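Heads up: the structure comes next, in C-alpha cells.
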Amino acid sequence: MNHYGRVYLLLIMLTLLLQACVSAPPSETVEHYIAARKNSAYQLQQNNQLAAALDQWRIVQTLVPHDSEATQAITALSNQIAQQTRRFYARGRSHLARNDLRSAELNFLKVLSLQPHHQDAFEELQKINSARMRAAQRNKTASEAKRSTPPANAQTLGQQLTFARAAELLQAKNYHALSTLMGPADINGIEQRVRPLVYEADINLAAQYSAAHNHTSAAKHLERAIQNTDAPQSDGRLENLKKQLANDNYLYAKGILGKDIDRSVAALERALRFDPEHVQARILLTQASRMQANLKRIEQRGSVQ
Amino acid sequence: MIRIDRLLLVFILFGGALNPSALAFSFTDRLTTSSEIARDKSFAIVRLGAGQSVEDIAQRYLGARNQAWQIYELNGYPTTHDNSPPGRNSAVATGSLLAVPLQPANPAGVFADGYRAIPILCYHQFSPGAKARNQLAVAAQVFEEQLAYLAGNGFQVISLAELSAILASRLPVPEKTVVLTIDDGYRSIYTLAYPLLKKYNFPATVFLYTDFVGGAAALSWQQLQEMHDSGLIDIQSHTKTHTSLAVTSNDTNQTSYHARVRSEIEQAEQTLERHLDAKPRFLSYPYGDSSDYTVDVLKQSGYALAMTVERGPNPAFADPYLLRRTMVYNNHDLDDFKQFVHGYVAKNLP
C-alpha cells in the first residue's frame, strides 16, 4: 500500500470512529451500575428490606464475583436473615399451636418478607388462608340457615344492623350507636358486608376506651375485632392496639395488685391474650397467681378454724 | 516524524479505548441488540440495545413481555406495563445495564411493609348511558370510567389463567394488578361491556350459567363464540342452573346433595365443551356459596380456580378454590372503585 493509500485508510477509520462516538449513545459503565446497586442495597437495608438488599448485593456479585464489599455484605445479611427467619417461624408455629391464626399469620409473613422463597412459611399461610375462607363459608351457610328459623334475641339485634344503616353510622363516626345495634350478636353470624363496618367501629371504640383508661370496654371491642373473621386485612392498627392494650392492662394490673388480686389477675390474663410475648405481664401473672392461691389457702384455713 | 503505518497500528491496538461507548466490555458492541455481559443461576446482566425495550428483554428471558415489571422493579425503575400509556418506559435509556431475575426475586410479593394481593372484580349487567336502572347493572359510562382509571393509573389487567399461574407459584405477583369477571351471561356483556374491553385491550372472564343462554336478556351462543374467539374474553362455568352449591334445605340427604352438585358442574361443563370446544377450568359459585364437597369435586374434575363473593383481594397464598371477589354495583362511585382495586395489604412486618 502506498503512502496515499495508508492516509486514505486512516481517514476512513477515523471517520468510522467518529461516527461510532456520535451515533452510539453513551453506555452505562459497569462501575456506574455496580455503584448504583450498592447504593440501592444500603438504602434497602436501611429501610429494613433485607431480602431486596441481599438481591442487590447478589447482582453486584454476578458482575464481579470477588467483590469483597459484596461478599462481606452477603455473609452478614444472610446470617441476619437466617437468624430472624428461624425466630419468626418458631413463633408462627407456636401461635398456630395455640390456634391464634392472626399472630401466626403475621409471623409467617415476616418470614416471607425476609426469605421470599421460604416454602414452609408459604404453605402455612396457604393453610391459614384456606381455613379462614372455609370458616367464612360455613358461617355464611349457617347464618342463611338461621335466617329461615325465628332468630334469637341476640341475632335479632344483629339483624337490625343493615348495611345501609351501618355505613351511615360509620360515616357519622357514631361508633357507639353502631355497636349498640350490633348488641351481643355473633359477629360471624351477621350479614357478610356489615362485618367490616363493625370491625371499623370496634377498632375505633377500643382506641377511645383505651385513651379513657376504660380497660374492660376497650378489651371487649378489641376482642370482637379479633374474632371478626371477615375484617379487612388490618393496616397495623389492630396489632398496635393489641400491644397498647396489653401494656395498659399490665400497668393497671400492677397498680391494683395490692388492693384487688382477682381483678389484677384478670387484667394480666387479658394482657397476655393480646400480647402473648409480654414478658413482664407473664412474670407478674405467675407471681399474682401464686399470691392468689396463697390467699385462698389462708382464707380456707380461716374458714375451717 | 510519525509514520502513518505506525499510527494505523496504534489505532487498531488501542482505538477501542477512544470510544466511550465501548468502555464496558466490547469494542464491537454497537448496541443494536441487547448483549448479556454476565450471568449466574439467579441473574443475567444485559445491556439494553438500540431500538430495544425492556419488554423485549422480558420476552427473551422471562417468556412474556408483560413480565417486564420484574426487570423494572429489580433495577429500581418505576414499573410500567404493556397497557401503560406509551413512552413510560423511556426511563430506561439505550446502553443501560439491567439485571434480569432468572427466578422471581419475590414470588409471593411479601415485603417489610405488607404484601401484594390481587382484587378480582365481579360485574353482572351493564346498562346504556350514565345511570343504571337496577342495582346489579353498571352504567356503560361508569364502566368506561373505571376501565380508564385502570389504564391511566398503571394497573395491569390479567386473565384468570395468569392468576392461576401466580397462585401455583409459576409467576410472581405484580403490583397494581386486577382481574375482571362478569357473572351470569347477560346480553349487555356483548352489547356494552365487550366493545369497551376491546377498546382498552383488557381481558375478562364471563362466568356463564348454561341454562340462561338464549333467554330474553341473555347472550346467544353465537355472541359467546365471537367473544371467545377474540382471545380477550374467556367463557367459564357458573354451573348449569345457578342454584347454590352449598347444602340447602331442599337437600334431603347427603347422596342427593352430592348428585346435585356433580350434575350442576358436569352438565355445565359438557354444554360449554359442546358449544365452545373448550373445557372450563374456572368456576364461580352461584351466590358465592361453596362447601368442602364442592371443592373436592372441582379438584377431581381438573378445575384450577373457583371464586366466592367474599370481598377483598387475593394474596399469592390464597386458596385457589375459595378466592375472594368484590362485587361492583351501580351505587359504587369511582372512589369506591379505587378502594376495590387497591391490592396492597399494609402490615408492619420488620
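Labeling convention for the C-alpha cells: chains A, B, ... as they appear, residues from 1 per chain, ligands from 1 in order of appearance.
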Contacts of B:Thr239 within 10 Å, only C-alpha atoms, excl. fewer than 4 positions in-chain, as a compact mmCIF listing (two decimals) with N, CA and C atoms, in the first residue's frame:
# COMPACT_ATOMS: atom_id res chain seq x y z
N ASP B 184 -73.07 -14.64 35.16
CA ASP B 184 -74.41 -14.97 34.67
C ASP B 184 -74.53 -15.13 33.15
N PHE B 207 -68.53 -15.71 33.51
CA PHE B 207 -68.99 -16.95 34.15
C PHE B 207 -70.45 -17.14 33.78
N LEU B 208 -70.68 -18.21 33.04
CA LEU B 208 -71.97 -18.41 32.41
C LEU B 208 -72.73 -19.54 33.08
N TYR B 209 -74.01 -19.31 33.43
CA TYR B 209 -74.79 -20.49 33.80
C TYR B 209 -75.56 -20.90 32.55
N THR B 210 -75.31 -22.13 32.15
CA THR B 210 -75.61 -22.51 30.77
C THR B 210 -77.10 -22.54 30.45
N ASP B 211 -77.96 -22.77 31.45
CA ASP B 211 -79.40 -22.78 31.17
C ASP B 211 -79.92 -21.40 30.77
N THR B 243 -78.09 -22.67 40.93
CA THR B 243 -78.54 -22.94 42.30
C THR B 243 -77.31 -23.04 43.20
N SER B 244 -77.54 -22.78 44.47
CA SER B 244 -76.42 -22.78 45.43
C SER B 244 -75.75 -24.15 45.48
N LEU B 245 -74.42 -24.14 45.56
CA LEU B 245 -73.68 -25.40 45.68
C LEU B 245 -73.38 -25.75 47.15
N VAL B 261 -74.75 -31.51 43.18
CA VAL B 261 -73.54 -30.72 42.94
C VAL B 261 -72.81 -31.23 41.69
N ARG B 262 -72.67 -32.56 41.60
CA ARG B 262 -71.97 -33.15 40.44
C ARG B 262 -72.69 -32.80 39.14
N SER B 263 -73.99 -32.93 39.18
CA SER B 263 -74.77 -32.67 37.98
C SER B 263 -74.64 -31.21 37.54
N GLU B 264 -74.71 -30.27 38.49
CA GLU B 264 -74.61 -28.84 38.17
C GLU B 264 -73.27 -28.54 37.48
N ILE B 265 -72.21 -29.14 38.01
CA ILE B 265 -70.88 -28.85 37.48
C ILE B 265 -70.66 -29.57 36.14
N GLU B 266 -71.00 -30.86 36.12
CA GLU B 266 -70.69 -31.66 34.93
C GLU B 266 -71.54 -31.26 33.72
N GLN B 267 -72.83 -30.99 33.94
CA GLN B 267 -73.68 -30.65 32.80
C GLN B 267 -73.29 -29.30 32.19
N ALA B 268 -72.93 -28.35 33.05
CA ALA B 268 -72.47 -27.05 32.52
C ALA B 268 -71.19 -27.26 31.72
N GLU B 269 -70.34 -28.10 32.22
CA GLU B 269 -69.06 -28.38 31.56
C GLU B 269 -69.29 -28.98 30.17
N LEU B 283 -64.46 -21.72 37.86
CA LEU B 283 -65.90 -21.71 38.18
C LEU B 283 -66.18 -20.62 39.19
N SER B 284 -67.31 -19.95 39.03
CA SER B 284 -67.73 -19.03 40.10
C SER B 284 -68.98 -19.64 40.73
N TYR B 285 -68.97 -19.73 42.07
CA TYR B 285 -70.08 -20.36 42.78
C TYR B 285 -71.31 -19.45 42.71
N PRO B 286 -72.46 -19.98 42.31
CA PRO B 286 -73.68 -19.15 42.37
C PRO B 286 -73.89 -18.65 43.80
Near-B:Lys279 list (8 Å; only C-alpha atoms; drop same-chain fewer than 2 positions) as a VMD selection string: chain B and resid 269 to 270 272 to 273 277 281
Restricted to N, CA and C atoms, what would the selected residues look like written as a tab-separated table (two decimals), in the first residue's frame?
chain	number	residue	atom	x	y	z
B	269	GLU	N	-70.34	-28.10	32.22
B	269	GLU	CA	-69.06	-28.38	31.56
B	269	GLU	C	-69.29	-28.98	30.17
B	270	GLN	N	-70.18	-29.96	30.11
B	270	GLN	CA	-70.46	-30.61	28.82
B	270	GLN	C	-71.03	-29.62	27.81
B	272	LEU	N	-70.64	-26.34	27.74
B	272	LEU	CA	-69.60	-25.39	27.31
B	272	LEU	C	-68.64	-26.05	26.33
B	273	GLU	N	-68.31	-27.29	26.59
B	273	GLU	CA	-67.39	-28.01	25.69
B	273	GLU	C	-68.03	-28.21	24.31
B	277	ASP	N	-66.02	-25.74	22.40
B	277	ASP	CA	-64.88	-26.63	22.20
B	277	ASP	C	-63.75	-26.34	23.19
B	281	ARG	N	-62.06	-24.39	33.13
B	281	ARG	CA	-61.07	-24.65	34.18
B	281	ARG	C	-61.35	-23.82	35.43
Using only C-alpha atoms, pick whichever of A:Gln244, A:Thr162, A:Thr75, A:Thr62 has the shortest atom-to-atom distance to chain B. A:Thr62
Would you please give, as JSON, numbers by chain, all residues of stretch 66-266 of chain B that DSSP assigns to alpha helix (DSSP H) based on the backbone? {"B": [68, 69, 70, 71, 72, 73, 74, 140, 141, 142, 143, 144, 145, 146, 147, 148, 149, 150, 151, 152, 160, 161, 162, 163, 164, 165, 166, 167, 188, 194, 195, 196, 197, 198, 199, 200, 221, 222, 223, 224, 225, 226, 227, 228, 229, 254, 255, 256, 257, 258, 259, 260, 261, 262, 263, 264, 265, 266]}
Taking the backbone alone, and naming residues the way the document does, which bits of stretch 6-219 of chain B are strand (DSSP E or B) by DSSP, as a PyMOL selection string? chain B and resi 35-39+43-47+97-101+110-111+114-118+120-123+125-127+137-139+156-158+177-184+186+204-208+218
Can I get the selection written as a tab-separated table (two decimals), in the first residue's frame, with N, CA and C atoms?
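So result_37.tsv came out as:
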chain	number	residue	atom	x	y	z
B	35	SER	N	-26.91	-7.19	24.84
B	35	SER	CA	-25.84	-8.16	25.00
B	35	SER	C	-25.78	-8.58	26.45
B	36	GLU	N	-25.63	-9.87	26.65
B	36	GLU	CA	-25.52	-10.38	28.01
B	36	GLU	C	-24.07	-10.27	28.42
B	37	ILE	N	-23.82	-9.62	29.55
B	37	ILE	CA	-22.41	-9.45	29.91
B	37	ILE	C	-22.02	-10.28	31.13
B	38	ALA	N	-22.99	-10.81	31.85
B	38	ALA	CA	-22.66	-11.70	32.97
B	38	ALA	C	-23.90	-12.51	33.31
B	39	ARG	N	-23.68	-13.63	33.98
B	39	ARG	CA	-24.82	-14.47	34.35
B	39	ARG	C	-24.41	-15.44	35.45
B	43	PHE	N	-29.24	-14.36	38.27
B	43	PHE	CA	-29.41	-13.16	37.45
B	43	PHE	C	-28.62	-13.23	36.14
B	44	ALA	N	-29.16	-12.55	35.12
B	44	ALA	CA	-28.37	-12.27	33.92
B	44	ALA	C	-28.24	-10.75	33.87
B	45	ILE	N	-27.05	-10.26	33.54
B	45	ILE	CA	-26.88	-8.82	33.41
B	45	ILE	C	-26.77	-8.52	31.92
B	46	VAL	N	-27.69	-7.69	31.43
B	46	VAL	CA	-27.71	-7.39	30.00
B	46	VAL	C	-27.64	-5.89	29.77
B	47	ARG	N	-27.16	-5.55	28.57
B	47	ARG	CA	-27.12	-4.14	28.18
B	47	ARG	C	-28.24	-3.90	27.17
B	97	LEU	N	-27.44	-0.80	31.74
B	97	LEU	CA	-27.28	-2.18	32.20
B	97	LEU	C	-28.51	-2.56	33.02
B	98	LEU	N	-28.94	-3.80	32.87
B	98	LEU	CA	-30.13	-4.26	33.59
B	98	LEU	C	-29.90	-5.66	34.14
B	99	ALA	N	-30.30	-5.85	35.38
B	99	ALA	CA	-30.26	-7.21	35.94
B	99	ALA	C	-31.61	-7.86	35.64
B	100	VAL	N	-31.57	-9.07	35.13
B	100	VAL	CA	-32.81	-9.82	34.83
B	100	VAL	C	-32.88	-10.99	35.82
B	101	PRO	N	-33.99	-11.08	36.58
B	101	PRO	CA	-34.08	-12.21	37.53
B	101	PRO	C	-34.38	-13.51	36.78
B	110	VAL	N	-44.26	-10.45	49.26
B	110	VAL	CA	-44.35	-10.03	50.67
B	110	VAL	C	-43.13	-9.17	51.00
B	111	PHE	N	-43.39	-7.98	51.54
B	111	PHE	CA	-42.32	-7.02	51.83
B	111	PHE	C	-42.40	-6.63	53.30
B	114	GLY	N	-45.78	-4.92	54.07
B	114	GLY	CA	-47.06	-5.51	53.68
B	114	GLY	C	-46.90	-6.48	52.53
B	115	TYR	N	-48.03	-6.81	51.90
B	115	TYR	CA	-47.93	-7.74	50.79
B	115	TYR	C	-48.92	-7.41	49.67
B	116	ARG	N	-48.58	-7.90	48.49
B	116	ARG	CA	-49.43	-7.66	47.33
B	116	ARG	C	-50.57	-8.66	47.28
B	117	ALA	N	-51.71	-8.20	46.85
B	117	ALA	CA	-52.86	-9.09	46.71
B	117	ALA	C	-53.62	-8.62	45.47
B	118	ILE	N	-54.28	-9.56	44.83
B	118	ILE	CA	-54.93	-9.24	43.54
B	118	ILE	C	-56.45	-9.20	43.70
B	120	ILE	N	-60.19	-9.33	42.50
B	120	ILE	CA	-60.99	-9.83	41.37
B	120	ILE	C	-62.32	-9.10	41.43
B	121	LEU	N	-62.63	-8.35	40.40
B	121	LEU	CA	-63.90	-7.61	40.40
B	121	LEU	C	-64.98	-8.46	39.75
B	122	CYS	N	-66.18	-8.32	40.27
B	122	CYS	CA	-67.30	-9.11	39.74
B	122	CYS	C	-68.44	-8.19	39.31
B	123	TYR	N	-68.74	-8.22	38.02
B	123	TYR	CA	-69.86	-7.45	37.48
B	123	TYR	C	-70.98	-8.43	37.10
B	125	GLN	N	-74.49	-7.03	35.15
B	125	GLN	CA	-75.13	-6.46	33.96
B	125	GLN	C	-74.59	-5.07	33.68
B	126	PHE	N	-74.87	-4.60	32.47
B	126	PHE	CA	-74.49	-3.24	32.09
B	126	PHE	C	-75.71	-2.57	31.46
B	127	SER	N	-75.82	-1.27	31.66
B	127	SER	CA	-76.96	-0.59	31.03
B	127	SER	C	-76.43	0.62	30.27
B	137	ALA	N	-76.80	-3.70	37.73
B	137	ALA	CA	-76.26	-3.18	36.48
B	137	ALA	C	-75.32	-2.00	36.73
B	138	VAL	N	-74.26	-1.95	35.95
B	138	VAL	CA	-73.36	-0.81	35.99
B	138	VAL	C	-73.52	-0.07	34.67
B	139	ALA	N	-73.69	1.25	34.73
B	139	ALA	CA	-73.88	2.03	33.52
B	139	ALA	C	-72.62	1.96	32.66
B	156	GLN	N	-52.38	-3.32	35.75
B	156	GLN	CA	-52.28	-4.40	34.78
B	156	GLN	C	-53.51	-5.28	34.96
B	157	VAL	N	-54.28	-5.45	33.90
B	157	VAL	CA	-55.44	-6.33	33.99
B	157	VAL	C	-55.00	-7.70	33.46
B	158	ILE	N	-55.09	-8.70	34.31
B	158	ILE	CA	-54.63	-10.03	33.88
B	158	ILE	C	-55.80	-10.99	33.76
B	177	THR	N	-52.43	-4.97	40.12
B	177	THR	CA	-52.98	-5.94	39.18
B	177	THR	C	-54.43	-6.24	39.52
B	178	VAL	N	-55.26	-6.39	38.51
B	178	VAL	CA	-56.69	-6.60	38.71
B	178	VAL	C	-57.18	-7.68	37.75
B	179	VAL	N	-58.19	-8.43	38.19
B	179	VAL	CA	-58.85	-9.40	37.31
B	179	VAL	C	-60.31	-8.96	37.16
B	180	LEU	N	-60.82	-9.03	35.94
B	180	LEU	CA	-62.22	-8.65	35.69
B	180	LEU	C	-63.05	-9.90	35.41
B	181	THR	N	-64.18	-10.04	36.10
B	181	THR	CA	-65.08	-11.16	35.83
B	181	THR	C	-66.51	-10.64	35.72
B	182	ILE	N	-67.31	-11.33	34.94
B	182	ILE	CA	-68.71	-10.93	34.77
B	182	ILE	C	-69.57	-12.20	34.90
B	183	ASP	N	-70.48	-12.20	35.86
B	183	ASP	CA	-71.28	-13.40	36.15
B	183	ASP	C	-72.58	-13.45	35.36
B	184	ASP	N	-73.07	-14.64	35.16
B	184	ASP	CA	-74.41	-14.97	34.67
B	184	ASP	C	-74.53	-15.13	33.15
B	186	TYR	N	-75.51	-12.08	30.90
B	186	TYR	CA	-76.48	-11.14	30.33
B	186	TYR	C	-76.00	-10.62	28.98
B	204	ALA	N	-61.12	-10.35	30.18
B	204	ALA	CA	-62.15	-10.56	31.22
B	204	ALA	C	-62.68	-11.98	31.10
B	205	THR	N	-63.26	-12.46	32.18
B	205	THR	CA	-63.86	-13.80	32.17
B	205	THR	C	-65.36	-13.69	32.38
B	206	VAL	N	-66.12	-14.35	31.52
B	206	VAL	CA	-67.57	-14.41	31.70
B	206	VAL	C	-67.89	-15.75	32.34
B	207	PHE	N	-68.53	-15.71	33.51
B	207	PHE	CA	-68.99	-16.95	34.15
B	207	PHE	C	-70.45	-17.14	33.78
B	208	LEU	N	-70.68	-18.21	33.04
B	208	LEU	CA	-71.97	-18.41	32.41
B	208	LEU	C	-72.73	-19.54	33.08
B	218	ALA	N	-80.44	-12.76	27.78
B	218	ALA	CA	-79.15	-13.46	27.86
B	218	ALA	C	-78.38	-13.44	26.55
Taking only C-alpha atoms into account, name the residue in A:Gln56, A:Ser78, A:Thr71, A:Ser113 that is nearest to chain B. A:Ser113
Please identify all polymer residues within 12 Å of B:Arg170, counting only C-alpha atoms, omitting same-chain residues fewer than 2 positions from it, and present them as a ChimeraX atom specification. /B:62-63,103-104,106-108,161-168,172-173,316
Using only C-alpha atoms, which protein or nucleic acid residues come within 10 Å of A:Glu277? Drop anything in the same chain fewer than 4 positions from it, and give the result as a short mmCIF file (atom, residue, chain, number, x, y, z; two decimals) with N, CA and C atoms, in the first residue's frame.
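Writing the result to result.cif gives the following:
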data_model
loop_
_atom_site.label_atom_id
_atom_site.label_comp_id
_atom_site.auth_asym_id
_atom_site.auth_seq_id
_atom_site.Cartn_x
_atom_site.Cartn_y
_atom_site.Cartn_z
N ARG A 91 -42.02 -18.76 66.22
CA ARG A 91 -43.15 -18.04 66.84
C ARG A 91 -44.45 -18.35 66.10
N LYS A 243 -50.94 -4.47 71.26
CA LYS A 243 -49.75 -4.16 72.06
C LYS A 243 -50.10 -3.12 73.13
N ALA A 246 -52.43 -4.49 75.78
CA ALA A 246 -51.69 -5.45 76.61
C ALA A 246 -50.91 -4.68 77.68
N ALA A 271 -54.03 -9.04 79.22
CA ALA A 271 -52.80 -8.51 78.61
C ALA A 271 -52.11 -9.60 77.79
N LEU A 272 -52.08 -10.80 78.34
CA LEU A 272 -51.38 -11.89 77.63
C LEU A 272 -52.18 -12.43 76.45
N ARG A 273 -53.50 -12.28 76.51
CA ARG A 273 -54.30 -12.67 75.34
C ARG A 273 -53.96 -11.76 74.15
N ALA A 281 -45.76 -9.01 81.90
CA ALA A 281 -47.10 -9.47 82.29
C ALA A 281 -47.06 -10.94 82.69
N ARG A 282 -46.27 -11.71 81.94
CA ARG A 282 -46.18 -13.15 82.24
C ARG A 282 -45.56 -13.37 83.63
#
Atom pair atom CA of A:Leu241 + atom CA of A:Tyr175, distance 16.8 Å
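Counting only C-alpha atoms and comparing A:Ile12, A:Leu125, A:Ile203, A:Ile34, the residue that lies closest to chain B is A:Leu125.
Near A:Ala177, within 12 Å and counting only C-alpha atoms, sit Gln160, Leu161, Arg165, Ala166, Ala167, Glu168, Leu169, Leu170, Gln171, Ala172, Lys173, Asn174, Tyr175, Ser179, Thr180, Leu181, Met182, Gly183, Val198, Ala201, Asp202 and Leu205 of chain A, not including residues fewer than 2 positions from it in the same chain.
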Export, as a compact mmCIF listing (two decimals), in the first residue's frame, the selected residues with N, CA and C atoms.
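Result file is part-v6.txt:
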# COMPACT_ATOMS: atom_id res chain seq x y z
N GLN A 160 -80.87 -6.07 63.01
CA GLN A 160 -81.34 -4.69 62.86
C GLN A 160 -80.29 -3.84 62.15
N LEU A 161 -79.05 -4.34 62.18
CA LEU A 161 -77.94 -3.59 61.63
C LEU A 161 -77.81 -3.88 60.13
N ARG A 165 -77.59 1.15 57.14
CA ARG A 165 -77.60 1.81 58.46
C ARG A 165 -76.18 1.82 59.05
N ALA A 166 -75.50 0.69 58.94
CA ALA A 166 -74.14 0.60 59.48
C ALA A 166 -73.22 1.59 58.78
N ALA A 167 -73.34 1.68 57.44
CA ALA A 167 -72.48 2.59 56.67
C ALA A 167 -72.75 4.04 57.07
N GLU A 168 -74.04 4.34 57.28
CA GLU A 168 -74.45 5.70 57.66
C GLU A 168 -73.84 6.07 59.02
N LEU A 169 -73.96 5.14 59.97
CA LEU A 169 -73.44 5.39 61.33
C LEU A 169 -71.92 5.51 61.32
N LEU A 170 -71.29 4.69 60.51
CA LEU A 170 -69.82 4.73 60.45
C LEU A 170 -69.35 6.04 59.85
N GLN A 171 -70.05 6.48 58.81
CA GLN A 171 -69.68 7.74 58.16
C GLN A 171 -69.82 8.91 59.15
N ALA A 172 -70.87 8.82 60.01
CA ALA A 172 -71.09 9.87 61.00
C ALA A 172 -70.21 9.66 62.24
N LYS A 173 -69.35 8.65 62.19
CA LYS A 173 -68.45 8.30 63.30
C LYS A 173 -69.23 8.00 64.57
N ASN A 174 -70.45 7.53 64.40
CA ASN A 174 -71.28 7.19 65.56
C ASN A 174 -71.05 5.71 65.89
N TYR A 175 -69.86 5.42 66.39
CA TYR A 175 -69.46 4.04 66.63
C TYR A 175 -70.29 3.39 67.75
N SER A 179 -72.44 -0.01 67.51
CA SER A 179 -72.15 -1.12 68.41
C SER A 179 -73.40 -1.54 69.18
N THR A 180 -74.23 -0.56 69.55
CA THR A 180 -75.46 -0.86 70.28
C THR A 180 -76.39 -1.70 69.41
N LEU A 181 -76.51 -1.30 68.14
CA LEU A 181 -77.37 -2.06 67.23
C LEU A 181 -76.84 -3.48 67.01
N MET A 182 -75.54 -3.59 67.03
CA MET A 182 -74.91 -4.91 66.88
C MET A 182 -75.23 -5.78 68.09
N GLY A 183 -75.23 -5.14 69.28
CA GLY A 183 -75.55 -5.86 70.52
C GLY A 183 -74.63 -7.04 70.75
N VAL A 198 -68.51 -3.21 61.26
CA VAL A 198 -68.48 -3.43 62.72
C VAL A 198 -67.03 -3.45 63.19
N ALA A 201 -65.82 0.06 63.60
CA ALA A 201 -66.38 0.65 64.81
C ALA A 201 -65.65 0.11 66.04
N ASP A 202 -65.40 -1.19 66.05
CA ASP A 202 -64.74 -1.80 67.21
C ASP A 202 -63.32 -1.28 67.39
N LEU A 205 -63.63 2.22 68.78
CA LEU A 205 -64.11 2.23 70.17
C LEU A 205 -63.02 1.71 71.12
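The nearest approach to A:Ser103 among the residues A:Ile128, A:Tyr252, A:Glu200, A:Asp120, with only C-alpha atoms taken into account, belongs to A:Ile128.
Using only C-alpha atoms, the nearest neighbour of chain A within the list B:Arg311, B:Arg325, B:Arg60, B:His342 is B:Arg311.
Interatomic distance, atom CA of A:Leu251 to atom CA of A:Arg297: 26.7 Å.
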